[in-house]
Amino acid sequence: DDMPKLRERLESAMKKMENFSRIHQQVQMTITAEGLRIELMETKGGFFFENGSSAATPQMKELLGALAKEIGSIPNHVLIEGHTDAAPFLQQKNYSNWELSLDRANSARQLMESSGLKPEQVSQLRGFADRRLKYASEPTNPGNRRISLVIQYRSPDGSIVPENK
């Protein structure tokens, strides 16, 4: 549960990536009451996911692969969140930002599990659509479109620490 040390370890793993110079500005890590929150924020052109899709780009695959190897080696649970901006999703009928945000979280889970994250480590998938904007004063800012990974604290008995720790 030494989250500062874990953050350093994950940053070190990312620095070894071939595309680190292009990726690092899109990644923010913060320690919260839930654990270590890693936010992978989009750019206007769709840096991590194809625009309007849950199909991951090569950058996302490389980044999640590197993170999954490190996170898979620890016992902590992980929750994965998908977020969109406030622009309405108009590409297909009966598919909205709700579905897109959850599909992206699930896509991230699948990629990470194929790269070292243990399936039993995933505690939750959350799809927030545009309900938790990172940049509330700029609802269409591309940075609102993001995946958040939260490496959760563990209690002494090994269970997940509740969100209101």
# chains A, B, ... in the order shown; residues from 1 in each chain; ligands from 1
>>> select_by_dssp(residues="range 7-148 of chain A", states="strand (DSSP E or B)", output="number ranges by chain")
A: 27-31, 35-41, 49, 56, 78-83, 122-127, 146-148
>>> closest_atom_pairs(of="range 36-110 of chain A", to="range 137-142 of chain A", cutoff="8 Å", atoms="only C-alpha atoms", output="JSON lines")
{"residue": "A:Met41", "atom": "CA", "partner": "A:Pro142", "partner_atom": "CA", "distance": 7.5}
{"residue": "A:Glu42", "atom": "CA", "partner": "A:Pro142", "partner_atom": "CA", "distance": 5.6}
{"residue": "A:Thr43", "atom": "CA", "partner": "A:Pro142", "partner_atom": "CA", "distance": 5.2}
{"residue": "A:Lys44", "atom": "CA", "partner": "A:Pro142", "partner_atom": "CA", "distance": 5.3}
{"residue": "A:Asp85", "atom": "CA", "partner": "A:Thr140", "partner_atom": "CA", "distance": 5.1}
{"residue": "A:Ala86", "atom": "CA", "partner": "A:Pro139", "partner_atom": "CA", "distance": 5.2}
{"residue": "A:Ala87", "atom": "CA", "partner": "A:Thr140", "partner_atom": "CA", "distance": 5.8}
>>> residues_around(residues="Pro4 in chain A", least_positions_apart="6", cutoff="12 Å", atoms="only C-alpha atoms", output="mmCIF file with C-alpha atoms, in the first residue's frame")
data_model
loop_
_atom_site.group_PDB
_atom_site.id
_atom_site.type_symbol
_atom_site.label_atom_id
_atom_site.label_comp_id
_atom_site.auth_asym_id
_atom_site.auth_seq_id
_atom_site.Cartn_x
_atom_site.Cartn_y
_atom_site.Cartn_z
ATOM 1 C CA LEU A 10 4.852 2.600 -12.757
ATOM 2 C CA GLU A 11 6.514 5.805 -13.975
ATOM 3 C CA MET A 29 -1.122 9.867 -11.523
ATOM 4 C CA THR A 30 -2.561 11.038 -8.218
ATOM 5 C CA ILE A 31 -2.955 9.431 -4.827
ATOM 6 C CA THR A 32 -6.553 9.600 -3.625
ATOM 7 C CA GLY A 35 -5.718 4.471 -3.997
ATOM 8 C CA LEU A 36 -3.441 5.387 -6.889
ATOM 9 C CA ARG A 37 -5.497 6.936 -9.713
ATOM 10 C CA ILE A 151 -5.191 0.712 -7.845
#
>>> residues_around(residues="Arg104 in chain A", least_positions_apart="3", cutoff="8 Å", atoms="only C-alpha atoms", output="list in words")
Ser53, Ser54, Ala55, Gly82, Leu100, Ser101, Ser107, Ala108 and Ile147 of chain A
>>> write_last_selection(atoms="N, CA, C and O atoms", output="PDB file, in the first residue's frame")
ATOM      1  N   SER A  53     -15.051   5.225 -30.700  1.00  0.00           N
ATOM      2  CA  SER A  53     -14.937   3.770 -30.711  1.00  0.00           C
ATOM      3  C   SER A  53     -14.237   3.290 -29.443  1.00  0.00           C
ATOM      4  O   SER A  53     -13.537   4.045 -28.776  1.00  0.00           O
ATOM      5  N   SER A  54     -14.430   2.011 -29.146  1.00  0.00           N
ATOM      6  CA  SER A  54     -13.695   1.409 -28.036  1.00  0.00           C
ATOM      7  C   SER A  54     -12.460   0.659 -28.536  1.00  0.00           C
ATOM      8  O   SER A  54     -11.795  -0.030 -27.768  1.00  0.00           O
ATOM      9  N   ALA A  55     -12.129   0.829 -29.831  1.00  0.00           N
ATOM     10  CA  ALA A  55     -10.932   0.204 -30.398  1.00  0.00           C
ATOM     11  C   ALA A  55      -9.692   0.977 -29.957  1.00  0.00           C
ATOM     12  O   ALA A  55      -9.552   2.169 -30.241  1.00  0.00           O
ATOM     13  N   GLY A  82     -14.426   4.506 -17.407  1.00  0.00           N
ATOM     14  CA  GLY A  82     -14.454   5.153 -18.710  1.00  0.00           C
ATOM     15  C   GLY A  82     -15.223   6.455 -18.604  1.00  0.00           C
ATOM     16  O   GLY A  82     -16.246   6.523 -17.914  1.00  0.00           O
ATOM     17  N   LEU A 100     -20.433   3.974 -24.706  1.00  0.00           N
ATOM     18  CA  LEU A 100     -19.048   4.186 -25.132  1.00  0.00           C
ATOM     19  C   LEU A 100     -18.103   4.196 -23.930  1.00  0.00           C
ATOM     20  O   LEU A 100     -17.047   3.556 -23.952  1.00  0.00           O
ATOM     21  N   SER A 101     -18.489   4.884 -22.864  1.00  0.00           N
ATOM     22  CA  SER A 101     -17.596   4.967 -21.695  1.00  0.00           C
ATOM     23  C   SER A 101     -17.398   3.591 -21.062  1.00  0.00           C
ATOM     24  O   SER A 101     -16.271   3.227 -20.698  1.00  0.00           O
ATOM     25  N   SER A 107     -12.766  -2.535 -22.696  1.00  0.00           N
ATOM     26  CA  SER A 107     -11.665  -2.754 -23.627  1.00  0.00           C
ATOM     27  C   SER A 107     -10.322  -2.647 -22.904  1.00  0.00           C
ATOM     28  O   SER A 107      -9.420  -3.467 -23.113  1.00  0.00           O
ATOM     29  N   ALA A 108     -10.194  -1.656 -22.029  1.00  0.00           N
ATOM     30  CA  ALA A 108      -8.968  -1.492 -21.241  1.00  0.00           C
ATOM     31  C   ALA A 108      -8.766  -2.713 -20.344  1.00  0.00           C
ATOM     32  O   ALA A 108      -7.645  -3.230 -20.227  1.00  0.00           O
ATOM     33  N   ILE A 147      -9.677   7.233 -19.641  1.00  0.00           N
ATOM     34  CA  ILE A 147      -9.782   5.994 -18.874  1.00  0.00           C
ATOM     35  C   ILE A 147      -9.066   6.257 -17.561  1.00  0.00           C
ATOM     36  O   ILE A 147      -7.969   6.825 -17.546  1.00  0.00           O
TER      37      ILE A 147
END
>>> atom_distance(atom1="CA of Leu102 in chain A", atom2="CA of Arg126 in chain A")
6.2 Å
>>> select_by_dssp(residues="range 38-124 of chain A", states="alpha helix (DSSP H)", output="JSON, numbers by chain")
{"A": [58, 59, 60, 61, 62, 63, 64, 65, 66, 67, 68, 69, 70, 71, 97, 98, 99, 100, 101, 102, 103, 104, 105, 106, 107, 108, 109, 110, 111, 112, 113]}
>>> write_last_selection(atoms="N, CA, C and O atoms", output="tab-separated table (two decimals), in the first residue's frame")
chain	number	residue	atom	x	y	z
A	58	PRO	N	-2.50	1.76	-31.03
A	58	PRO	CA	-1.24	1.11	-30.62
A	58	PRO	C	-0.63	1.75	-29.36
A	58	PRO	O	-0.06	1.04	-28.53
A	59	GLN	N	-0.77	3.07	-29.20
A	59	GLN	CA	-0.25	3.74	-28.00
A	59	GLN	C	-0.94	3.21	-26.74
A	59	GLN	O	-0.30	2.98	-25.71
A	60	MET	N	-2.25	3.02	-26.81
A	60	MET	CA	-3.00	2.52	-25.65
A	60	MET	C	-2.59	1.09	-25.35
A	60	MET	O	-2.38	0.73	-24.19
A	61	LYS	N	-2.44	0.28	-26.37
A	61	LYS	CA	-2.05	-1.12	-26.16
A	61	LYS	C	-0.68	-1.20	-25.50
A	61	LYS	O	-0.47	-1.98	-24.56
A	62	GLU	N	0.26	-0.39	-25.98
A	62	GLU	CA	1.61	-0.39	-25.40
A	62	GLU	C	1.58	0.07	-23.94
A	62	GLU	O	2.19	-0.54	-23.06
A	63	LEU	N	0.86	1.15	-23.68
A	63	LEU	CA	0.80	1.70	-22.33
A	63	LEU	C	0.12	0.74	-21.37
A	63	LEU	O	0.65	0.45	-20.28
A	64	LEU	N	-1.05	0.22	-21.74
A	64	LEU	CA	-1.75	-0.69	-20.84
A	64	LEU	C	-0.96	-1.98	-20.63
A	64	LEU	O	-0.99	-2.55	-19.54
A	65	GLY	N	-0.24	-2.41	-21.65
A	65	GLY	CA	0.61	-3.60	-21.50
A	65	GLY	C	1.69	-3.38	-20.45
A	65	GLY	O	1.92	-4.23	-19.59
A	66	ALA	N	2.35	-2.23	-20.53
A	66	ALA	CA	3.41	-1.92	-19.55
A	66	ALA	C	2.84	-1.80	-18.14
A	66	ALA	O	3.42	-2.32	-17.18
A	67	LEU	N	1.70	-1.12	-18.01
A	67	LEU	CA	1.08	-0.97	-16.69
A	67	LEU	C	0.59	-2.30	-16.15
A	67	LEU	O	0.75	-2.61	-14.96
A	68	ALA	N	0.00	-3.13	-17.01
A	68	ALA	CA	-0.57	-4.41	-16.57
A	68	ALA	C	0.51	-5.34	-16.02
A	68	ALA	O	0.26	-6.04	-15.03
A	69	LYS	N	1.68	-5.34	-16.63
A	69	LYS	CA	2.77	-6.19	-16.14
A	69	LYS	C	3.14	-5.82	-14.70
A	69	LYS	O	3.35	-6.69	-13.86
A	70	GLU	N	3.23	-4.53	-14.44
A	70	GLU	CA	3.58	-4.08	-13.09
A	70	GLU	C	2.44	-4.29	-12.10
A	70	GLU	O	2.65	-4.79	-11.00
A	71	ILE	N	1.24	-3.91	-12.48
A	71	ILE	CA	0.09	-4.02	-11.57
A	71	ILE	C	-0.24	-5.49	-11.31
A	71	ILE	O	-0.65	-5.85	-10.21
A	97	ASN	N	-23.00	8.02	-25.07
A	97	ASN	CA	-21.77	8.16	-24.30
A	97	ASN	C	-21.74	7.18	-23.12
A	97	ASN	O	-20.65	6.80	-22.68
A	98	TRP	N	-22.90	6.75	-22.65
A	98	TRP	CA	-22.93	5.75	-21.58
A	98	TRP	C	-22.31	4.45	-22.05
A	98	TRP	O	-21.44	3.87	-21.40
A	99	GLU	N	-22.78	3.96	-23.17
A	99	GLU	CA	-22.25	2.71	-23.71
A	99	GLU	C	-20.78	2.84	-24.09
A	99	GLU	O	-19.97	1.96	-23.80
A	100	LEU	N	-20.43	3.97	-24.71
A	100	LEU	CA	-19.05	4.19	-25.13
A	100	LEU	C	-18.10	4.20	-23.93
A	100	LEU	O	-17.05	3.56	-23.95
A	101	SER	N	-18.49	4.88	-22.86
A	101	SER	CA	-17.60	4.97	-21.70
A	101	SER	C	-17.40	3.59	-21.06
A	101	SER	O	-16.27	3.23	-20.70
A	102	LEU	N	-18.45	2.80	-20.97
A	102	LEU	CA	-18.30	1.47	-20.38
A	102	LEU	C	-17.56	0.52	-21.33
A	102	LEU	O	-16.74	-0.29	-20.89
A	103	ASP	N	-17.83	0.64	-22.63
A	103	ASP	CA	-17.12	-0.20	-23.60
A	103	ASP	C	-15.62	0.08	-23.58
A	103	ASP	O	-14.80	-0.84	-23.72
A	104	ARG	N	-15.24	1.34	-23.41
A	104	ARG	CA	-13.81	1.67	-23.35
A	104	ARG	C	-13.18	1.13	-22.07
A	104	ARG	O	-12.05	0.64	-22.09
A	105	ALA	N	-13.90	1.20	-20.96
A	105	ALA	CA	-13.38	0.63	-19.71
A	105	ALA	C	-13.20	-0.88	-19.87
A	105	ALA	O	-12.18	-1.44	-19.44
A	106	ASN	N	-14.16	-1.53	-20.49
A	106	ASN	CA	-14.07	-2.97	-20.69
A	106	ASN	C	-12.95	-3.33	-21.66
A	106	ASN	O	-12.23	-4.31	-21.47
A	107	SER	N	-12.77	-2.54	-22.70
A	107	SER	CA	-11.66	-2.75	-23.63
A	107	SER	C	-10.32	-2.65	-22.90
A	107	SER	O	-9.42	-3.47	-23.11
A	108	ALA	N	-10.19	-1.66	-22.03
A	108	ALA	CA	-8.97	-1.49	-21.24
A	108	ALA	C	-8.77	-2.71	-20.34
A	108	ALA	O	-7.65	-3.23	-20.23
A	109	ARG	N	-9.83	-3.20	-19.73
A	109	ARG	CA	-9.72	-4.40	-18.88
A	109	ARG	C	-9.21	-5.59	-19.69
A	109	ARG	O	-8.29	-6.28	-19.27
A	110	GLN	N	-9.80	-5.81	-20.85
A	110	GLN	CA	-9.40	-6.95	-21.68
A	110	GLN	C	-7.93	-6.85	-22.09
A	110	GLN	O	-7.19	-7.84	-22.03
A	111	LEU	N	-7.52	-5.66	-22.50
A	111	LEU	CA	-6.12	-5.46	-22.89
A	111	LEU	C	-5.17	-5.73	-21.72
A	111	LEU	O	-4.13	-6.36	-21.88
A	112	MET	N	-5.54	-5.23	-20.55
A	112	MET	CA	-4.67	-5.41	-19.39
A	112	MET	C	-4.62	-6.87	-18.95
A	112	MET	O	-3.56	-7.37	-18.59
A	113	GLU	N	-5.76	-7.55	-19.00
A	113	GLU	CA	-5.77	-8.96	-18.61
A	113	GLU	C	-4.95	-9.81	-19.58
A	113	GLU	O	-4.38	-10.82	-19.19
>>> residues_around(residues="Leu125 in chain A", least_positions_apart="3", cutoff="6 Å", atoms="only C-alpha atoms", output="number ranges by chain")
A: 79-81
